$ cat my_file.cif   # mmCIF, C-alpha atoms
data_structure
#
loop_
_atom_site.group_PDB
_atom_site.id
_atom_site.type_symbol
_atom_site.label_atom_id
_atom_site.label_comp_id
_atom_site.auth_asym_id
_atom_site.auth_seq_id
_atom_site.Cartn_x
_atom_site.Cartn_y
_atom_site.Cartn_z
ATOM 1 C CA MET A 1 -15.154 -22.853 -10.301
ATOM 2 C CA ASP A 2 -17.011 -20.544 -7.903
ATOM 3 C CA PHE A 3 -17.288 -16.911 -8.992
ATOM 4 C CA GLN A 4 -15.018 -14.399 -7.273
ATOM 5 C CA LEU A 5 -14.868 -10.630 -7.500
ATOM 6 C CA ARG A 6 -11.158 -10.656 -6.881
ATOM 7 C CA THR A 7 -10.398 -6.979 -7.375
ATOM 8 C CA TYR A 8 -12.494 -3.835 -7.360
ATOM 9 C CA ALA A 9 -9.991 -0.978 -7.123
ATOM 10 C CA PHE A 10 -11.045 2.606 -7.813
ATOM 11 C CA ILE A 11 -8.326 5.204 -8.420
ATOM 12 C CA ASP A 12 -9.561 8.767 -8.064
ATOM 13 C CA SER A 13 -6.760 10.521 -9.956
ATOM 14 C CA MET A 14 -4.080 8.758 -11.988
ATOM 15 C CA GLN A 15 -0.590 10.033 -11.316
ATOM 16 C CA PRO A 16 1.689 10.827 -14.296
ATOM 17 C CA GLN A 17 3.940 7.766 -14.063
ATOM 18 C CA ALA A 18 1.103 5.387 -13.213
ATOM 19 C CA ALA A 19 -0.899 6.625 -16.191
ATOM 20 C CA ALA A 20 2.122 6.393 -18.481
ATOM 21 C CA HIS A 21 2.802 2.827 -17.372
ATOM 22 C CA VAL A 22 -0.747 1.720 -18.173
ATOM 23 C CA ALA A 23 -0.598 3.586 -21.489
ATOM 24 C CA SER A 24 2.651 1.906 -22.503
ATOM 25 C CA THR A 25 1.396 -1.609 -21.772
ATOM 26 C CA CYS A 26 -2.295 -1.503 -22.725
ATOM 27 C CA GLN A 27 -3.970 -2.829 -25.858
ATOM 28 C CA GLY A 28 -6.902 -0.420 -25.718
ATOM 29 C CA ASP A 29 -7.594 3.257 -25.098
ATOM 30 C CA VAL A 30 -4.661 5.185 -23.646
ATOM 31 C CA PRO A 31 -5.321 6.915 -20.288
ATOM 32 C CA VAL A 32 -3.612 10.125 -19.197
ATOM 33 C CA ALA A 33 -2.739 11.651 -15.841
ATOM 34 C CA GLY A 34 -5.644 13.078 -13.892
ATOM 35 C CA MET A 35 -8.183 10.559 -15.139
ATOM 36 C CA SER A 36 -10.100 8.298 -12.784
ATOM 37 C CA GLU A 37 -9.934 4.564 -13.353
ATOM 38 C CA LEU A 38 -11.267 1.274 -12.081
ATOM 39 C CA PHE A 39 -9.685 -2.178 -12.097
ATOM 40 C CA ILE A 40 -12.003 -5.187 -11.943
ATOM 41 C CA GLU A 41 -10.594 -8.708 -11.719
ATOM 42 C CA VAL A 42 -12.827 -11.774 -11.662
ATOM 43 C CA ALA A 43 -12.685 -15.537 -11.690
ATOM 44 C CA PRO A 44 -13.442 -17.495 -13.816
ATOM 45 C CA GLY A 45 -11.618 -15.331 -16.337
ATOM 46 C CA ASN A 46 -14.267 -15.490 -19.086
ATOM 47 C CA GLU A 47 -16.704 -13.571 -16.874
ATOM 48 C CA ILE A 48 -14.742 -10.413 -17.603
ATOM 49 C CA PHE A 49 -16.281 -10.220 -21.096
ATOM 50 C CA ARG A 50 -19.754 -9.690 -19.631
ATOM 51 C CA CYS A 51 -18.381 -7.250 -17.043
ATOM 52 C CA ALA A 52 -16.791 -5.194 -19.820
ATOM 53 C CA ASP A 53 -20.002 -5.215 -21.841
ATOM 54 C CA ILE A 54 -22.035 -3.979 -18.875
ATOM 55 C CA ALA A 55 -19.517 -1.267 -17.889
ATOM 56 C CA LEU A 56 -19.048 0.163 -21.372
ATOM 57 C CA LYS A 57 -22.780 0.345 -22.074
ATOM 58 C CA ALA A 58 -23.608 1.894 -18.696
ATOM 59 C CA ALA A 59 -21.412 5.002 -18.741
ATOM 60 C CA ASP A 60 -19.015 7.132 -20.764
ATOM 61 C CA VAL A 61 -15.853 5.173 -19.986
ATOM 62 C CA ARG A 62 -13.138 3.644 -22.126
ATOM 63 C CA PRO A 63 -11.144 0.434 -21.610
ATOM 64 C CA ALA A 64 -7.362 0.228 -21.563
ATOM 65 C CA LEU A 65 -7.075 -3.438 -20.637
ATOM 66 C CA GLN A 66 -9.123 -6.603 -21.060
ATOM 67 C CA ILE A 67 -6.870 -9.514 -20.185
ATOM 68 C CA ILE A 68 -7.789 -13.163 -19.861
ATOM 69 C CA GLU A 69 -5.125 -15.457 -18.448
ATOM 70 C CA ARG A 70 -5.133 -18.965 -17.002
ATOM 71 C CA GLU A 71 -7.296 -18.287 -13.961
ATOM 72 C CA PHE A 72 -8.512 -14.701 -13.918
ATOM 73 C CA GLY A 73 -9.902 -11.932 -16.109
ATOM 74 C CA LEU A 74 -8.888 -8.281 -15.706
ATOM 75 C CA LEU A 75 -10.599 -5.121 -16.942
ATOM 76 C CA GLU A 76 -9.437 -1.503 -16.665
ATOM 77 C CA ILE A 77 -11.771 1.392 -17.495
ATOM 78 C CA HIS A 78 -11.108 5.121 -17.220
ATOM 79 C CA SER A 79 -12.634 8.541 -17.784
ATOM 80 C CA HIS A 80 -11.958 12.214 -17.141
ATOM 81 C CA THR A 81 -15.087 12.167 -14.963
ATOM 82 C CA GLN A 82 -15.065 10.254 -11.672
ATOM 83 C CA SER A 83 -18.838 9.845 -11.651
ATOM 84 C CA GLU A 84 -18.772 8.029 -14.993
ATOM 85 C CA VAL A 85 -16.233 5.505 -13.727
ATOM 86 C CA LEU A 86 -18.194 4.980 -10.526
ATOM 87 C CA ALA A 87 -21.438 4.549 -12.489
ATOM 88 C CA ALA A 88 -19.849 1.927 -14.737
ATOM 89 C CA GLY A 89 -18.487 0.084 -11.732
ATOM 90 C CA GLN A 90 -21.851 0.167 -9.964
ATOM 91 C CA ALA A 91 -23.539 -1.240 -13.058
ATOM 92 C CA VAL A 92 -21.147 -4.190 -12.970
ATOM 93 C CA LEU A 93 -21.784 -4.734 -9.270
ATOM 94 C CA ASP A 94 -25.540 -4.605 -9.838
ATOM 95 C CA TYR A 95 -25.270 -7.158 -12.635
ATOM 96 C CA LEU A 96 -23.245 -9.454 -10.396
ATOM 97 C CA GLY A 97 -25.585 -8.908 -7.448
ATOM 98 C CA LEU A 98 -22.640 -7.842 -5.299
ATOM 99 C CA LYS A 99 -21.394 -4.881 -3.284
ATOM 100 C CA GLU A 100 -17.916 -3.358 -3.319
ATOM 101 C CA GLU A 101 -17.283 -5.009 0.066
ATOM 102 C CA ASP A 102 -17.720 -8.439 -1.552
ATOM 103 C CA ARG A 103 -14.387 -8.107 -3.350
ATOM 104 C CA VAL A 104 -11.457 -10.157 -2.094
ATOM 105 C CA ARG A 105 -9.488 -8.223 0.496
ATOM 106 C CA PRO A 106 -5.888 -7.646 -0.643
ATOM 107 C CA THR A 107 -3.152 -9.518 1.163
ATOM 108 C CA ILE A 108 0.492 -8.473 1.175
ATOM 109 C CA ALA A 109 2.531 -11.598 0.531
ATOM 110 C CA SER A 110 5.935 -9.975 0.951
ATOM 111 C CA SER A 111 7.838 -6.715 0.741
ATOM 112 C CA GLN A 112 11.507 -6.079 0.149
ATOM 113 C CA PHE A 113 13.524 -2.900 0.697
ATOM 114 C CA VAL A 114 16.973 -2.741 -0.898
ATOM 115 C CA THR A 115 19.299 0.217 -0.396
ATOM 116 C CA ASN A 116 22.293 1.089 -2.561
ATOM 117 C CA VAL A 117 21.227 -1.190 -5.437
ATOM 118 C CA ASN A 118 24.168 -2.922 -7.065
ATOM 119 C CA PRO A 119 24.712 -1.872 -10.710
ATOM 120 C CA TYR A 120 24.498 -5.495 -11.884
ATOM 121 C CA GLN A 121 21.152 -6.054 -10.187
ATOM 122 C CA ALA A 122 19.918 -2.777 -11.687
ATOM 123 C CA GLN A 123 20.893 -4.076 -15.129
ATOM 124 C CA LEU A 124 18.964 -7.315 -14.588
ATOM 125 C CA ILE A 125 15.784 -5.495 -13.561
ATOM 126 C CA ASN A 126 16.111 -2.952 -16.374
ATOM 127 C CA LYS A 127 16.059 -5.781 -18.928
ATOM 128 C CA TRP A 128 12.354 -6.420 -18.300
ATOM 129 C CA ARG A 129 10.992 -3.280 -16.617
ATOM 130 C CA LYS A 130 8.409 -1.228 -18.553
ATOM 131 C CA GLY A 131 8.593 1.930 -16.457
ATOM 132 C CA ASN A 132 11.555 4.117 -15.516
ATOM 133 C CA LEU A 133 15.108 2.839 -15.431
ATOM 134 C CA LEU A 134 16.373 1.576 -12.073
ATOM 135 C CA LEU A 135 19.504 3.599 -11.380
ATOM 136 C CA PRO A 136 22.475 1.981 -9.620
ATOM 137 C CA ARG A 137 22.989 3.003 -5.975
ATOM 138 C CA SER A 138 19.360 4.082 -5.571
ATOM 139 C CA SER A 139 16.948 2.381 -3.172
ATOM 140 C CA LEU A 140 14.384 -0.172 -4.349
ATOM 141 C CA PHE A 141 11.092 -1.318 -2.831
ATOM 142 C CA VAL A 142 9.277 -4.404 -4.126
ATOM 143 C CA LEU A 143 5.745 -5.156 -2.964
ATOM 144 C CA GLU A 144 4.078 -8.509 -3.680
ATOM 145 C CA ALA A 145 0.312 -8.754 -3.157
ATOM 146 C CA THR A 146 -2.735 -10.801 -4.038
ATOM 147 C CA PRO A 147 -5.095 -10.369 -5.828
ATOM 148 C CA ALA A 148 -2.635 -9.035 -8.361
ATOM 149 C CA ALA A 149 -4.483 -6.000 -9.702
ATOM 150 C CA TYR A 150 -4.382 -4.191 -6.359
ATOM 151 C CA VAL A 151 -0.728 -3.283 -6.940
ATOM 152 C CA THR A 152 -1.931 -0.691 -9.457
ATOM 153 C CA LEU A 153 -3.645 1.179 -6.632
ATOM 154 C CA ALA A 154 -0.570 0.788 -4.424
ATOM 155 C CA GLY A 155 1.681 2.204 -7.141
ATOM 156 C CA ASN A 156 -0.553 5.215 -7.704
ATOM 157 C CA GLU A 157 -0.653 5.978 -3.979
ATOM 158 C CA ALA A 158 3.126 5.583 -3.733
ATOM 159 C CA GLU A 159 3.574 8.169 -6.482
ATOM 160 C CA LYS A 160 1.190 10.553 -4.720
ATOM 161 C CA ALA A 161 3.150 10.299 -1.489
ATOM 162 C CA ALA A 162 6.747 10.839 -2.590
ATOM 163 C CA ASN A 163 9.136 11.712 -5.396
ATOM 164 C CA ILE A 164 9.870 8.196 -6.625
ATOM 165 C CA SER A 165 10.366 6.396 -9.919
ATOM 166 C CA LEU A 166 7.841 3.777 -10.948
ATOM 167 C CA ILE A 167 9.923 0.936 -12.327
ATOM 168 C CA GLU A 168 7.373 -1.812 -12.929
ATOM 169 C CA VAL A 169 3.770 -2.743 -12.113
ATOM 170 C CA ARG A 170 2.884 -6.385 -12.745
ATOM 171 C CA ALA A 171 -0.840 -6.679 -12.104
ATOM 172 C CA VAL A 172 -1.750 -9.967 -13.804
ATOM 173 C CA GLY A 173 -1.726 -13.490 -12.382
ATOM 174 C CA ARG A 174 -2.074 -14.856 -8.880
ATOM 175 C CA PHE A 175 0.373 -12.335 -7.370
ATOM 176 C CA GLY A 176 1.024 -8.750 -8.409
ATOM 177 C CA ARG A 177 4.327 -6.979 -7.940
ATOM 178 C CA LEU A 178 5.185 -3.297 -7.648
ATOM 179 C CA PHE A 179 8.732 -1.935 -8.058
ATOM 180 C CA ILE A 180 9.569 1.653 -7.054
ATOM 181 C CA SER A 181 12.916 3.390 -6.604
ATOM 182 C CA GLY A 182 14.475 6.654 -5.505
ATOM 183 C CA THR A 183 16.331 8.016 -2.527
ATOM 184 C CA GLU A 184 16.095 5.982 0.655
ATOM 185 C CA SER A 185 13.867 8.500 2.447
ATOM 186 C CA GLU A 186 11.521 8.995 -0.500
ATOM 187 C CA VAL A 187 11.154 5.259 -1.084
ATOM 188 C CA GLU A 188 10.453 4.684 2.611
ATOM 189 C CA THR A 189 7.653 7.274 2.490
ATOM 190 C CA ALA A 190 6.216 5.839 -0.725
ATOM 191 C CA ALA A 191 6.420 2.282 0.577
ATOM 192 C CA LYS A 192 4.408 3.195 3.673
ATOM 193 C CA ALA A 193 1.736 4.795 1.490
ATOM 194 C CA ALA A 194 1.588 1.783 -0.824
ATOM 195 C CA VAL A 195 1.230 -0.678 2.046
ATOM 196 C CA ALA A 196 -1.345 1.491 3.828
ATOM 197 C CA SER A 197 -3.487 1.782 0.684
ATOM 198 C CA LEU A 198 -3.912 -2.001 0.622
ATOM 199 C CA GLU A 199 -4.279 -2.512 4.352
ATOM 200 C CA GLU A 200 -7.096 0.054 4.476
ATOM 201 C CA LEU A 201 -9.219 -1.652 1.829
ATOM 202 C CA GLY A 202 -12.162 -3.677 3.019
ATOM 203 C CA GLY A 203 -13.303 -6.910 1.490
ATOM 204 C CA ALA A 204 -13.866 -10.586 2.065
ATOM 205 C CA LYS A 205 -11.103 -12.778 3.417
ATOM 206 C CA VAL A 206 -10.291 -15.837 1.334
#

$ encode --input "my_file.cif" --output "structure tokens"
Amino acid sequence: MDFQLRTYAFIDSMQPQAAAHVASTCQGDVPVAGMSELFIEVAPGNEIFRCADIALKAADVRPALQIIEREFGLLEIHSHTQSEVLAAGQAVLDYLGLKEEDRVRPTIASSQFVTNVNPYQAQLINKWRKGNLLLPRSSLFVLEATPAAYVTLAGNEAEKAANISLIEVRAVGRFGRLFISGTESEVETAAKAAVASLEELGGAKV
């Protein structure tokens, strides 16, 4: 399998809900709001072990996630200092002989906007969500994108832009999915920010 730098997503300042979601689902060090973080996703998946080794030895960063699944490997690192996260990321890029622009450009596969969510659908989603509860009669936005890890950036930007609830961020696998809810106007604003954050990223088309 040819090597791919599937995701290289730097987040300058973690928002409270985004940080809490990572903290509640990670196996490693727990991040908090205000920290900077970096998501790196590669293929083949086993390559992420070397990427983690390089990043952690290069700078004062800590890992929240190191996930290997069927096709891809995902690493999250974070720090209170932006420069440390950037230095760790650059060390990985140098090791790989790549630039940030060599990452795969995110593609939005689909987006759904649901207003006045039915209570029964809210119950179904709440059974498996790891973030806030989806309240009946609120609005819901679901963003599906590939590579999967980019939805973490989209969720953080959505939270920056509007007063929304982060319901779920699924950032592993071939497609990632982001679920946010709130009032119709707030969700519309957040959805635009989430979509724009992915459309503005450069990278290689696959």

$ closest_residue --input "my_file.cif" --among "A:Thr146, A:Ser139, A:Asn156, A:Thr7" --to "A:Leu74" --atoms "only C-alpha atoms"
A:Thr7

$ closest_atom_pairs --input "my_file.cif" --of "stretch 90-163 of chain A" --to "stretch 168-182 of chain A" --cutoff "8 Å" --atoms "all atoms listed in the file" --output "Markdown table"
| residue | atom | partner | partner_atom | distance |
| --- | --- | --- | --- | --- |
| A:Arg129 | CA | A:Glu168 | CA | 5.4 |
| A:Lys130 | CA | A:Glu168 | CA | 5.7 |
| A:Gly131 | CA | A:Glu168 | CA | 5.3 |
| A:Asn132 | CA | A:Glu168 | CA | 7.7 |
| A:Leu134 | CA | A:Ser181 | CA | 6.7 |
| A:Ser138 | CA | A:Gly182 | CA | 5.5 |
| A:Ser139 | CA | A:Ser181 | CA | 5.4 |
| A:Leu140 | CA | A:Ser181 | CA | 4.5 |
| A:Phe141 | CA | A:Ile180 | CA | 5.4 |
| A:Val142 | CA | A:Phe179 | CA | 4.7 |
| A:Leu143 | CA | A:Leu178 | CA | 5.1 |
| A:Glu144 | CA | A:Arg177 | CA | 4.5 |
| A:Ala145 | CA | A:Gly176 | CA | 5.3 |
| A:Thr146 | CA | A:Phe175 | CA | 4.8 |
| A:Pro147 | CA | A:Phe175 | CA | 6.0 |
| A:Ala148 | CA | A:Gly176 | CA | 3.7 |
| A:Ala149 | CA | A:Ala171 | CA | 4.4 |
| A:Tyr150 | CA | A:Ala171 | CA | 7.2 |
| A:Val151 | CA | A:Gly176 | CA | 5.9 |
| A:Thr152 | CA | A:Val169 | CA | 6.6 |
| A:Ala154 | CA | A:Leu178 | CA | 7.8 |
| A:Gly155 | CA | A:Leu178 | CA | 6.5 |
| A:Asn163 | CA | A:Gly182 | CA | 7.4 |

$ write_last_selection --input "my_file.cif" --atoms "C-alpha atoms" --output "PDB file, in the frame of the given file"
ATOM      1  CA  ARG A 129      10.992  -3.280 -16.617  1.00  0.00           C
ATOM      2  CA  LYS A 130       8.409  -1.228 -18.553  1.00  0.00           C
ATOM      3  CA  GLY A 131       8.593   1.930 -16.457  1.00  0.00           C
ATOM      4  CA  ASN A 132      11.555   4.117 -15.516  1.00  0.00           C
ATOM      5  CA  LEU A 134      16.373   1.576 -12.073  1.00  0.00           C
ATOM      6  CA  SER A 138      19.360   4.082  -5.571  1.00  0.00           C
ATOM      7  CA  SER A 139      16.948   2.381  -3.172  1.00  0.00           C
ATOM      8  CA  LEU A 140      14.384  -0.172  -4.349  1.00  0.00           C
ATOM      9  CA  PHE A 141      11.092  -1.318  -2.831  1.00  0.00           C
ATOM     10  CA  VAL A 142       9.277  -4.404  -4.126  1.00  0.00           C
ATOM     11  CA  LEU A 143       5.745  -5.156  -2.964  1.00  0.00           C
ATOM     12  CA  GLU A 144       4.078  -8.509  -3.680  1.00  0.00           C
ATOM     13  CA  ALA A 145       0.312  -8.754  -3.157  1.00  0.00           C
ATOM     14  CA  THR A 146      -2.735 -10.801  -4.038  1.00  0.00           C
ATOM     15  CA  PRO A 147      -5.095 -10.369  -5.828  1.00  0.00           C
ATOM     16  CA  ALA A 148      -2.635  -9.035  -8.361  1.00  0.00           C
ATOM     17  CA  ALA A 149      -4.483  -6.000  -9.702  1.00  0.00           C
ATOM     18  CA  TYR A 150      -4.382  -4.191  -6.359  1.00  0.00           C
ATOM     19  CA  VAL A 151      -0.728  -3.283  -6.940  1.00  0.00           C
ATOM     20  CA  THR A 152      -1.931  -0.691  -9.457  1.00  0.00           C
ATOM     21  CA  ALA A 154      -0.570   0.788  -4.424  1.00  0.00           C
ATOM     22  CA  GLY A 155       1.681   2.204  -7.141  1.00  0.00           C
ATOM     23  CA  ASN A 163       9.136  11.712  -5.396  1.00  0.00           C
TER      24      ASN A 163
END

$ closest_residue --input "my_file.cif" --among "A:Ala33, A:Val22, A:Ala59, A:Ile125" --to "A:Glu76" --atoms "all atoms listed in the file"
A:Val22

$ closest_atom_pairs --input "my_file.cif" --of "stretch 3-83 of chain A" --to "stretch 191-201 of chain A" --cutoff "12 Å" --atoms "all atoms listed in the file" --output "JSON lines"
{"residue": "A:Thr7", "atom": "CA", "partner": "A:Leu201", "partner_atom": "CA", "distance": 10.7}
{"residue": "A:Tyr8", "atom": "CA", "partner": "A:Leu201", "partner_atom": "CA", "distance": 10.0}
{"residue": "A:Ala9", "atom": "CA", "partner": "A:Leu201", "partner_atom": "CA", "distance": 9.0}
{"residue": "A:Phe10", "atom": "CA", "partner": "A:Leu201", "partner_atom": "CA", "distance": 10.7}
{"residue": "A:Ile11", "atom": "CA", "partner": "A:Ser197", "partner_atom": "CA", "distance": 10.9}

$ closest_residue --input "my_file.cif" --among "A:Glu186, A:Glu37, A:Glu157, A:Glu47" --to "A:Gly89" --atoms "all atoms listed in the file"
A:Glu37

$ atom_distance --input "my_file.cif" --atom1 "atom CA of A:Pro63" --atom2 "atom CA of A:Glu41"
13.5 Å

$ closest_residue --input "my_file.cif" --among "A:Leu5, A:Ile67, A:Ile167, A:Cys26" --to "A:Leu93" --atoms "all atoms listed in the file"
A:Leu5
